[in-house]
Amino acid sequence: MEKFIDFLNNNILWSQPMIYICLGVGLLFSIITRFLQVRHFKDMIKLMFQGKSSDAGVSSFQALSIALSGRVGTGNIAGTATAIGFGGPGAVFWMWAIAFIGASTAFIESTLAQIYKEKHEGQYRGGPAFYIEKGTGWRWYGVLFALAAVLAMAILMPGVQSNSIALGIENAFGMNKSITGLIIIALLGIIIFGGVKRIANVAQYVVPFMAIGYVAVSLIIVAINITELPAVFALIFKSAFAADSVFGGIVGMAVQWGVKRGIYSNEAGQGTGAHPAAAAEVSHPAKQGLVQAFSVYIDTLLVCSATAFMILFTGMYNTQAPDKTFLYDNLKGVEPGPGFTQAAVEQVIPGFGAGFVAVSLFFFAFTTIMAYYYIAETNIAYLIRGRENKWAIPLLKVVILAATFYGAIKEAALAWKLGDTGLGLMVWLNLIAILILAKPALKALKDYEQQKKQGLDPVFNSIKVGIKNADYWEKEYKEPDKEQVS
């Protein structure tokens with residue numbers, strides 16, 4: 001089984017050609033949107049704090065927080081360290097690259113989610129399965145994505161997050177993994193049985209707190225080692241373009257690991273961020289598209305960079321070549337992962353590193369599992385819509401709790417391999433879909449920009465814009481009073 005998973009990941013889902021396709025799609029969307037991630041940077045920040053929640057939806061900031069709870073996870077700590085461990089410092093540059101161009105991909109998928117969202121049992125639902133069916137008319141493709149999403153979010157990927165929590169806490173405090181696993185699923189159960197609103201409320205308070213605290217510690221480490229700043233940036237860029245004498249020979253691995261771990265962390269193109277984007281109460285789809293694009297920046301350019309700088313500024317890492325020889329071996333016997341970050345913090349703040357990283361991992365990974373549940377629930381709702389089924393959602397809750405506990409007690413290597421498989425399935429199904437469906441999102445962007453030029457607060461009219469099957473906007477949306485426009 002493990003050999004099959006390795007074959008699937010290395011030769012199909014995450015093969016070298018596929019990695020470059022990921023970069024190419026992001027670059028294509030950046031070009032055709034005229035690099036909206038730069039042009040609308042101010043709007044991204046401004047729109048984050050506008051809008052209010054409603055009975056059916058959450059605020060823009062709550063939707064951003066749910067998306068960030070999914071994006072900011074173990075990939076930011078363990079994933080970044082793994083990328084450096086197998087791709088060298090140059091992998092950090094490629095993480096930045098996929099984040100920059102991936103912001104446009106996040107805009108496209110999140111705007112599509114808003115355009116084609118529906119109201120299910122009084123709540124907004126949307127995401128790739130919904131926009132695939134409504135945008136292409138291919139119900140079978142929507143079902144295929146929904147099944148892949150449920151498989152990935154409820155079974156394959158929660159274990160990566162819980163495993164990192166369990167390892168970090170075991171290393172820092174010596175707690176048995178089984179006990180950690182039980183604590184995780186007890187807390188998770190309390191939240192997910194409270195519904196989407198509880199998930200949004202927890203996320204909007206926990207996510208900003210954990211990100212700010214983590215970045216603050218990284219800034220302290222950078223400040224103490226500030227004289228190393230030019231050398232670290234030079235190392236990253238030289239290693240990314242085969243100009244470094246030590247790491248130049250593995251530039252292909254730098255690209256592969258940087259892109260793979262970058263996408264794992266920021267999720268641009270995966271379709272996950274599109275699910276909470278659809279739940280936002282906004283007056284125009286492009287508004288939430290821009291907010292979700294900014295979440296990619298927060299995840300990779302801020303939080304992943306914090307991890308990378310802590311590791312590189314202190315030199316606390318190993319890098320292994322494809323032939324298993326070490327190009328750089330400063331932490332003998334330490335596997336690529338949270339151990340790098342723990343060692344980096346420990347070197348600067350003795351007695352603090354292991355505990356700090358363990359607690360950070362707990363918050364990062366736990367909120368990600370929350371987001372996974374929300375995404376899986378949305379896809380279950382898509383699969384059973386129009387049918388009476390009282391058992392599907394409760395069964396989903398039991399399954400994700402079981403997968404989370406199982407992952408906590410399993411070996412890290414297997415957990416990551418399963419996670420890569422789940423991620424790969426979603427990425428490729430979604431990338432194909434948004435390449436086909438980019439036009440409605442581009443129409444929405446153009447409409448948003450035209451209204452902004454006229455000095456208006458953009459309000460969406462799908463019929464006027466010429467987008468079909470946007471049922472919510474055609475039949476249910478009512479333009480709010482001017483003082484309440486989000």
# chains A, B, ... in the order shown; residues from 1 in each chain; ligands from 1
$ select_by_dssp --residues "segment 286-434 of chain A" --states "strand (DSSP E or B)" --output "list in words"
Asn318, Thr319, Gln320, Phe326, Leu327, Tyr328 and Asp329 of chain A
$ residues_around --residues "Gln320 of chain A" --least-positions-apart "6" --cutoff "12 Å" --atoms "only C-alpha atoms" --output "ChimeraX atom specification"
/A:82-89,246-247,249-250,253-254,326-336
$ write_last_selection --atoms "N, CA and C atoms" --output "CSV table (one decimal), in the first residue's frame"
chain,number,residue,atom,x,y,z
A,82,THR,N,10.4,20.7,6.1
A,82,THR,CA,10.6,19.6,5.2
A,82,THR,C,11.1,20.1,3.9
A,83,ALA,N,10.5,21.2,3.4
A,83,ALA,CA,11.0,21.7,2.1
A,83,ALA,C,12.5,22.1,2.1
A,84,ILE,N,12.9,22.7,3.2
A,84,ILE,CA,14.3,23.0,3.4
A,84,ILE,C,15.2,21.7,3.5
A,85,GLY,N,14.6,20.8,4.2
A,85,GLY,CA,15.3,19.5,4.4
A,85,GLY,C,15.6,18.7,3.2
A,86,PHE,N,14.7,18.8,2.2
A,86,PHE,CA,14.9,18.0,1.0
A,86,PHE,C,15.1,18.9,-0.3
A,87,GLY,N,14.8,20.2,-0.2
A,87,GLY,CA,15.0,21.0,-1.4
A,87,GLY,C,16.1,22.1,-1.1
A,88,GLY,N,16.6,22.2,0.1
A,88,GLY,CA,17.6,23.2,0.4
A,88,GLY,C,16.9,24.6,0.6
A,89,PRO,N,17.7,25.6,1.0
A,89,PRO,CA,17.2,26.9,1.2
A,89,PRO,C,16.5,27.5,0.0
A,246,VAL,N,27.0,24.7,-2.7
A,246,VAL,CA,26.5,23.6,-1.9
A,246,VAL,C,25.2,23.0,-2.4
A,247,PHE,N,24.2,23.9,-2.6
A,247,PHE,CA,22.8,23.5,-2.9
A,247,PHE,C,22.4,23.6,-4.4
A,249,GLY,N,23.2,22.0,-7.0
A,249,GLY,CA,23.0,20.8,-7.7
A,249,GLY,C,21.6,20.2,-7.5
A,250,ILE,N,20.8,20.7,-6.5
A,250,ILE,CA,19.5,20.1,-6.3
A,250,ILE,C,18.4,21.2,-6.6
A,253,MET,N,15.0,19.8,-7.1
A,253,MET,CA,14.3,19.4,-5.8
A,253,MET,C,13.8,20.6,-5.1
A,254,ALA,N,14.6,21.8,-5.2
A,254,ALA,CA,14.1,23.0,-4.6
A,254,ALA,C,12.8,23.4,-5.2
A,326,PHE,N,24.2,13.9,2.7
A,326,PHE,CA,23.8,15.2,3.3
A,326,PHE,C,24.7,16.3,2.7
A,327,LEU,N,24.0,17.3,2.2
A,327,LEU,CA,24.7,18.5,1.6
A,327,LEU,C,25.0,19.4,2.8
A,328,TYR,N,24.2,19.4,3.8
A,328,TYR,CA,24.3,20.2,5.0
A,328,TYR,C,23.8,19.5,6.1
A,329,ASP,N,24.6,19.3,7.2
A,329,ASP,CA,24.1,18.4,8.3
A,329,ASP,C,24.5,19.0,9.6
A,330,ASN,N,23.7,20.0,10.1
A,330,ASN,CA,24.0,20.7,11.3
A,330,ASN,C,23.1,20.2,12.5
A,331,LEU,N,22.2,19.3,12.2
A,331,LEU,CA,21.3,18.7,13.2
A,331,LEU,C,21.3,17.2,13.1
A,332,LYS,N,22.4,16.6,13.4
A,332,LYS,CA,22.6,15.2,13.2
A,332,LYS,C,21.5,14.4,13.8
A,333,GLY,N,20.8,13.5,13.0
A,333,GLY,CA,19.8,12.6,13.6
A,333,GLY,C,18.4,13.2,13.7
A,334,VAL,N,18.3,14.5,13.4
A,334,VAL,CA,17.0,15.1,13.4
A,334,VAL,C,16.3,15.1,12.1
A,335,GLU,N,15.1,14.5,12.0
A,335,GLU,CA,14.4,14.4,10.7
A,335,GLU,C,13.8,15.8,10.4
A,336,PRO,N,13.7,16.1,9.1
A,336,PRO,CA,13.1,17.3,8.6
A,336,PRO,C,11.7,17.4,9.2
$ closest_residue --among "A:Ala343, A:Leu429, A:Ile101, A:Leu395" --to "Asn318 of chain A" --atoms "only C-alpha atoms"
A:Ala343
$ atom_distance --atom1 "atom CA of Val92 of chain A" --atom2 "atom CA of Gly258 of chain A"
6.0 Å
$ select_by_dssp --residues "segment 52-252 of chain A" --states "alpha helix (DSSP H)" --output "mmCIF file with C-alpha atoms, in the first residue's frame"
data_model
loop_
_atom_site.group_PDB
_atom_site.id
_atom_site.type_symbol
_atom_site.label_atom_id
_atom_site.label_comp_id
_atom_site.auth_asym_id
_atom_site.auth_seq_id
_atom_site.Cartn_x
_atom_site.Cartn_y
_atom_site.Cartn_z
ATOM 1 C CA SER A 60 -15.714 38.592 5.278
ATOM 2 C CA PHE A 61 -13.281 38.439 8.189
ATOM 3 C CA GLN A 62 -14.865 35.264 9.570
ATOM 4 C CA ALA A 63 -14.702 33.645 6.123
ATOM 5 C CA LEU A 64 -11.060 34.751 5.877
ATOM 6 C CA SER A 65 -10.390 33.291 9.330
ATOM 7 C CA ILE A 66 -11.933 29.931 8.394
ATOM 8 C CA ALA A 67 -9.861 29.896 5.215
ATOM 9 C CA LEU A 68 -6.727 30.863 7.149
ATOM 10 C CA SER A 69 -7.417 28.207 9.758
ATOM 11 C CA GLY A 70 -7.185 25.752 6.870
ATOM 12 C CA ARG A 71 -4.198 27.400 5.219
ATOM 13 C CA THR A 74 1.370 22.174 10.152
ATOM 14 C CA THR A 80 8.479 24.572 5.501
ATOM 15 C CA ALA A 81 11.144 22.658 7.430
ATOM 16 C CA THR A 82 10.594 19.599 5.213
ATOM 17 C CA ALA A 83 10.974 21.740 2.075
ATOM 18 C CA ILE A 84 14.350 23.023 3.356
ATOM 19 C CA GLY A 85 15.333 19.498 4.440
ATOM 20 C CA PHE A 86 14.879 18.009 0.962
ATOM 21 C CA GLY A 87 15.043 21.027 -1.356
ATOM 22 C CA GLY A 90 16.204 27.555 -2.438
ATOM 23 C CA ALA A 91 12.866 25.869 -1.762
ATOM 24 C CA VAL A 92 11.867 28.951 0.248
ATOM 25 C CA PHE A 93 12.051 31.122 -2.887
ATOM 26 C CA TRP A 94 9.758 28.733 -4.750
ATOM 27 C CA MET A 95 7.319 28.787 -1.845
ATOM 28 C CA TRP A 96 7.244 32.569 -2.203
ATOM 29 C CA ALA A 97 6.800 32.289 -5.973
ATOM 30 C CA ILE A 98 3.840 29.907 -5.760
ATOM 31 C CA ALA A 99 2.265 32.168 -3.123
ATOM 32 C CA PHE A 100 2.610 35.307 -5.237
ATOM 33 C CA ILE A 101 1.165 33.821 -8.396
ATOM 34 C CA GLY A 102 -1.163 31.571 -6.402
ATOM 35 C CA ALA A 103 -2.978 34.621 -5.036
ATOM 36 C CA SER A 104 -4.566 35.078 -8.465
ATOM 37 C CA THR A 105 -5.615 31.410 -8.486
ATOM 38 C CA ALA A 106 -7.184 31.866 -5.045
ATOM 39 C CA PHE A 107 -9.089 34.876 -6.387
ATOM 40 C CA ILE A 108 -10.497 32.918 -9.339
ATOM 41 C CA GLU A 109 -11.690 29.925 -7.297
ATOM 42 C CA SER A 110 -13.107 32.009 -4.436
ATOM 43 C CA THR A 111 -14.943 34.389 -6.774
ATOM 44 C CA LEU A 112 -16.439 31.408 -8.604
ATOM 45 C CA ALA A 113 -17.557 29.995 -5.249
ATOM 46 C CA GLN A 114 -19.400 33.248 -4.493
ATOM 47 C CA ILE A 115 -20.960 33.473 -7.964
ATOM 48 C CA PRO A 128 -15.651 23.644 -6.458
ATOM 49 C CA ALA A 129 -18.352 20.950 -6.612
ATOM 50 C CA PHE A 130 -21.031 23.641 -6.862
ATOM 51 C CA TYR A 131 -19.287 25.824 -9.437
ATOM 52 C CA ILE A 132 -18.234 22.822 -11.499
ATOM 53 C CA GLU A 133 -21.827 21.628 -11.841
ATOM 54 C CA LYS A 134 -23.360 25.069 -12.420
ATOM 55 C CA GLY A 135 -20.585 26.436 -14.595
ATOM 56 C CA THR A 136 -20.046 23.404 -16.841
ATOM 57 C CA ARG A 139 -22.847 16.973 -12.500
ATOM 58 C CA TRP A 140 -20.588 13.903 -12.622
ATOM 59 C CA TYR A 141 -17.478 16.089 -12.350
ATOM 60 C CA GLY A 142 -18.932 17.955 -9.388
ATOM 61 C CA VAL A 143 -19.694 14.647 -7.683
ATOM 62 C CA LEU A 144 -16.148 13.419 -8.429
ATOM 63 C CA PHE A 145 -14.620 16.500 -6.798
ATOM 64 C CA ALA A 146 -16.978 16.262 -3.805
ATOM 65 C CA LEU A 147 -16.033 12.622 -3.244
ATOM 66 C CA ALA A 148 -12.319 13.458 -3.538
ATOM 67 C CA ALA A 149 -12.753 16.349 -1.106
ATOM 68 C CA VAL A 150 -14.554 14.213 1.476
ATOM 69 C CA PRO A 158 -6.487 15.246 9.264
ATOM 70 C CA GLY A 159 -3.815 12.751 10.306
ATOM 71 C CA VAL A 160 -1.015 15.030 9.079
ATOM 72 C CA GLN A 161 -2.195 17.766 11.409
ATOM 73 C CA SER A 162 -2.875 15.583 14.468
ATOM 74 C CA ASN A 163 0.393 13.701 13.958
ATOM 75 C CA SER A 164 2.379 16.937 14.063
ATOM 76 C CA ILE A 165 0.564 18.014 17.225
ATOM 77 C CA ALA A 166 1.246 14.675 18.909
ATOM 78 C CA LEU A 167 4.929 14.637 17.904
ATOM 79 C CA GLY A 168 5.493 18.211 19.008
ATOM 80 C CA ILE A 169 3.855 17.674 22.396
ATOM 81 C CA GLU A 170 5.677 14.368 22.908
ATOM 82 C CA ASN A 171 9.031 16.035 22.165
ATOM 83 C CA ALA A 172 8.318 19.017 24.393
ATOM 84 C CA PHE A 173 6.407 17.538 27.309
ATOM 85 C CA LYS A 177 0.528 10.289 21.645
ATOM 86 C CA SER A 178 -2.677 8.428 22.510
ATOM 87 C CA ILE A 179 -3.491 10.870 25.306
ATOM 88 C CA THR A 180 -2.782 13.815 23.002
ATOM 89 C CA GLY A 181 -5.022 12.254 20.353
ATOM 90 C CA LEU A 182 -7.902 11.898 22.820
ATOM 91 C CA ILE A 183 -7.562 15.522 23.924
ATOM 92 C CA ILE A 184 -7.573 16.706 20.301
ATOM 93 C CA ILE A 185 -10.723 14.823 19.336
ATOM 94 C CA ALA A 186 -12.531 15.863 22.535
ATOM 95 C CA LEU A 187 -11.944 19.558 21.761
ATOM 96 C CA LEU A 188 -12.668 19.062 18.071
ATOM 97 C CA GLY A 189 -15.938 17.301 18.846
ATOM 98 C CA ILE A 190 -17.133 20.211 21.002
ATOM 99 C CA ILE A 191 -16.537 22.626 18.134
ATOM 100 C CA ILE A 192 -17.782 20.685 15.107
ATOM 101 C CA VAL A 196 -20.525 26.383 11.122
ATOM 102 C CA LYS A 197 -21.152 29.462 13.275
ATOM 103 C CA ARG A 198 -19.123 27.994 16.142
ATOM 104 C CA ILE A 199 -16.281 27.126 13.764
ATOM 105 C CA ALA A 200 -16.304 30.713 12.441
ATOM 106 C CA ASN A 201 -16.378 32.225 15.940
ATOM 107 C CA VAL A 202 -13.471 30.096 17.167
ATOM 108 C CA ALA A 203 -11.447 30.770 14.012
ATOM 109 C CA GLN A 204 -11.831 34.561 14.070
ATOM 110 C CA TYR A 205 -10.286 34.768 17.556
ATOM 111 C CA VAL A 206 -7.733 31.945 17.519
ATOM 112 C CA VAL A 207 -6.229 32.409 14.037
ATOM 113 C CA PRO A 208 -5.061 36.060 14.375
ATOM 114 C CA PHE A 209 -3.737 35.369 17.887
ATOM 115 C CA MET A 210 -1.680 32.335 16.854
ATOM 116 C CA ALA A 211 -0.268 33.931 13.696
ATOM 117 C CA ILE A 212 0.763 37.169 15.423
ATOM 118 C CA GLY A 213 2.418 35.312 18.328
ATOM 119 C CA TYR A 214 4.361 33.025 16.019
ATOM 120 C CA VAL A 215 5.576 35.813 13.736
ATOM 121 C CA ALA A 216 6.570 37.926 16.760
ATOM 122 C CA VAL A 217 8.939 35.211 18.034
ATOM 123 C CA SER A 218 10.449 34.849 14.548
ATOM 124 C CA LEU A 219 11.089 38.609 14.429
ATOM 125 C CA ILE A 220 12.931 38.390 17.744
ATOM 126 C CA ILE A 221 15.181 35.672 16.335
ATOM 127 C CA VAL A 222 15.777 37.651 13.144
ATOM 128 C CA ALA A 223 16.540 40.810 15.135
ATOM 129 C CA ILE A 224 19.109 39.005 17.299
ATOM 130 C CA LEU A 229 20.185 39.015 6.838
ATOM 131 C CA PRO A 230 22.132 39.652 3.582
ATOM 132 C CA ALA A 231 23.757 36.214 3.719
ATOM 133 C CA VAL A 232 20.435 34.403 4.277
ATOM 134 C CA PHE A 233 18.701 36.153 1.368
ATOM 135 C CA ALA A 234 21.723 35.502 -0.855
ATOM 136 C CA LEU A 235 21.627 31.813 0.112
ATOM 137 C CA ILE A 236 17.907 31.524 -0.699
ATOM 138 C CA PHE A 237 18.208 33.140 -4.130
ATOM 139 C CA LYS A 238 21.473 31.448 -5.121
ATOM 140 C CA SER A 239 20.119 28.033 -4.105
ATOM 141 C CA ALA A 240 16.894 28.624 -6.043
ATOM 142 C CA VAL A 251 17.646 23.088 -7.879
ATOM 143 C CA GLY A 252 15.071 20.656 -9.322
#
$ decode --residues "segment 118-203 of chain A" --atoms "C-alpha atoms" --output "PDB file, in the first residue's frame"
ATOM      1  CA  GLU A 118     -26.499  28.269  -2.904  1.00  0.00           C
ATOM      2  CA  LYS A 119     -28.510  28.457   0.284  1.00  0.00           C
ATOM      3  CA  HIS A 120     -28.895  25.083   2.018  1.00  0.00           C
ATOM      4  CA  GLU A 121     -31.083  24.815   5.106  1.00  0.00           C
ATOM      5  CA  GLY A 122     -30.661  28.530   5.726  1.00  0.00           C
ATOM      6  CA  GLN A 123     -26.866  28.586   5.240  1.00  0.00           C
ATOM      7  CA  TYR A 124     -24.704  29.542   2.274  1.00  0.00           C
ATOM      8  CA  ARG A 125     -22.903  26.628   0.681  1.00  0.00           C
ATOM      9  CA  GLY A 126     -20.481  26.679  -2.198  1.00  0.00           C
ATOM     10  CA  GLY A 127     -17.129  25.537  -3.505  1.00  0.00           C
ATOM     11  CA  PRO A 128     -15.651  23.644  -6.458  1.00  0.00           C
ATOM     12  CA  ALA A 129     -18.352  20.950  -6.612  1.00  0.00           C
ATOM     13  CA  PHE A 130     -21.031  23.641  -6.862  1.00  0.00           C
ATOM     14  CA  TYR A 131     -19.287  25.824  -9.437  1.00  0.00           C
ATOM     15  CA  ILE A 132     -18.234  22.822 -11.499  1.00  0.00           C
ATOM     16  CA  GLU A 133     -21.827  21.628 -11.841  1.00  0.00           C
ATOM     17  CA  LYS A 134     -23.360  25.069 -12.420  1.00  0.00           C
ATOM     18  CA  GLY A 135     -20.585  26.436 -14.595  1.00  0.00           C
ATOM     19  CA  THR A 136     -20.046  23.404 -16.841  1.00  0.00           C
ATOM     20  CA  GLY A 137     -23.257  21.434 -16.417  1.00  0.00           C
ATOM     21  CA  TRP A 138     -21.175  18.353 -15.618  1.00  0.00           C
ATOM     22  CA  ARG A 139     -22.847  16.973 -12.500  1.00  0.00           C
ATOM     23  CA  TRP A 140     -20.588  13.903 -12.622  1.00  0.00           C
ATOM     24  CA  TYR A 141     -17.478  16.089 -12.350  1.00  0.00           C
ATOM     25  CA  GLY A 142     -18.932  17.955  -9.388  1.00  0.00           C
ATOM     26  CA  VAL A 143     -19.694  14.647  -7.683  1.00  0.00           C
ATOM     27  CA  LEU A 144     -16.148  13.419  -8.429  1.00  0.00           C
ATOM     28  CA  PHE A 145     -14.620  16.500  -6.798  1.00  0.00           C
ATOM     29  CA  ALA A 146     -16.978  16.262  -3.805  1.00  0.00           C
ATOM     30  CA  LEU A 147     -16.033  12.622  -3.244  1.00  0.00           C
ATOM     31  CA  ALA A 148     -12.319  13.458  -3.538  1.00  0.00           C
ATOM     32  CA  ALA A 149     -12.753  16.349  -1.106  1.00  0.00           C
ATOM     33  CA  VAL A 150     -14.554  14.213   1.476  1.00  0.00           C
ATOM     34  CA  LEU A 151     -11.884  11.514   1.130  1.00  0.00           C
ATOM     35  CA  ALA A 152      -9.063  14.045   1.492  1.00  0.00           C
ATOM     36  CA  MET A 153     -10.551  16.311   4.165  1.00  0.00           C
ATOM     37  CA  ALA A 154     -12.190  13.678   6.368  1.00  0.00           C
ATOM     38  CA  ILE A 155      -9.822  10.714   6.016  1.00  0.00           C
ATOM     39  CA  LEU A 156      -6.432  11.364   4.397  1.00  0.00           C
ATOM     40  CA  MET A 157      -5.369  14.817   5.611  1.00  0.00           C
ATOM     41  CA  PRO A 158      -6.487  15.246   9.264  1.00  0.00           C
ATOM     42  CA  GLY A 159      -3.815  12.751  10.306  1.00  0.00           C
ATOM     43  CA  VAL A 160      -1.015  15.030   9.079  1.00  0.00           C
ATOM     44  CA  GLN A 161      -2.195  17.766  11.409  1.00  0.00           C
ATOM     45  CA  SER A 162      -2.875  15.583  14.468  1.00  0.00           C
ATOM     46  CA  ASN A 163       0.393  13.701  13.958  1.00  0.00           C
ATOM     47  CA  SER A 164       2.379  16.937  14.063  1.00  0.00           C
ATOM     48  CA  ILE A 165       0.564  18.014  17.225  1.00  0.00           C
ATOM     49  CA  ALA A 166       1.246  14.675  18.909  1.00  0.00           C
ATOM     50  CA  LEU A 167       4.929  14.637  17.904  1.00  0.00           C
ATOM     51  CA  GLY A 168       5.493  18.211  19.008  1.00  0.00           C
ATOM     52  CA  ILE A 169       3.855  17.674  22.396  1.00  0.00           C
ATOM     53  CA  GLU A 170       5.677  14.368  22.908  1.00  0.00           C
ATOM     54  CA  ASN A 171       9.031  16.035  22.165  1.00  0.00           C
ATOM     55  CA  ALA A 172       8.318  19.017  24.393  1.00  0.00           C
ATOM     56  CA  PHE A 173       6.407  17.538  27.309  1.00  0.00           C
ATOM     57  CA  GLY A 174       6.762  13.748  26.983  1.00  0.00           C
ATOM     58  CA  MET A 175       3.022  13.205  26.708  1.00  0.00           C
ATOM     59  CA  ASN A 176       1.901   9.896  25.190  1.00  0.00           C
ATOM     60  CA  LYS A 177       0.528  10.289  21.645  1.00  0.00           C
ATOM     61  CA  SER A 178      -2.677   8.428  22.510  1.00  0.00           C
ATOM     62  CA  ILE A 179      -3.491  10.870  25.306  1.00  0.00           C
ATOM     63  CA  THR A 180      -2.782  13.815  23.002  1.00  0.00           C
ATOM     64  CA  GLY A 181      -5.022  12.254  20.353  1.00  0.00           C
ATOM     65  CA  LEU A 182      -7.902  11.898  22.820  1.00  0.00           C
ATOM     66  CA  ILE A 183      -7.562  15.522  23.924  1.00  0.00           C
ATOM     67  CA  ILE A 184      -7.573  16.706  20.301  1.00  0.00           C
ATOM     68  CA  ILE A 185     -10.723  14.823  19.336  1.00  0.00           C
ATOM     69  CA  ALA A 186     -12.531  15.863  22.535  1.00  0.00           C
ATOM     70  CA  LEU A 187     -11.944  19.558  21.761  1.00  0.00           C
ATOM     71  CA  LEU A 188     -12.668  19.062  18.071  1.00  0.00           C
ATOM     72  CA  GLY A 189     -15.938  17.301  18.846  1.00  0.00           C
ATOM     73  CA  ILE A 190     -17.133  20.211  21.002  1.00  0.00           C
ATOM     74  CA  ILE A 191     -16.537  22.626  18.134  1.00  0.00           C
ATOM     75  CA  ILE A 192     -17.782  20.685  15.107  1.00  0.00           C
ATOM     76  CA  PHE A 193     -20.957  19.559  16.841  1.00  0.00           C
ATOM     77  CA  GLY A 194     -21.710  23.262  17.339  1.00  0.00           C
ATOM     78  CA  GLY A 195     -22.025  23.912  13.601  1.00  0.00           C
ATOM     79  CA  VAL A 196     -20.525  26.383  11.122  1.00  0.00           C
ATOM     80  CA  LYS A 197     -21.152  29.462  13.275  1.00  0.00           C
ATOM     81  CA  ARG A 198     -19.123  27.994  16.142  1.00  0.00           C
ATOM     82  CA  ILE A 199     -16.281  27.126  13.764  1.00  0.00           C
ATOM     83  CA  ALA A 200     -16.304  30.713  12.441  1.00  0.00           C
ATOM     84  CA  ASN A 201     -16.378  32.225  15.940  1.00  0.00           C
ATOM     85  CA  VAL A 202     -13.471  30.096  17.167  1.00  0.00           C
ATOM     86  CA  ALA A 203     -11.447  30.770  14.012  1.00  0.00           C
TER      87      ALA A 203
END
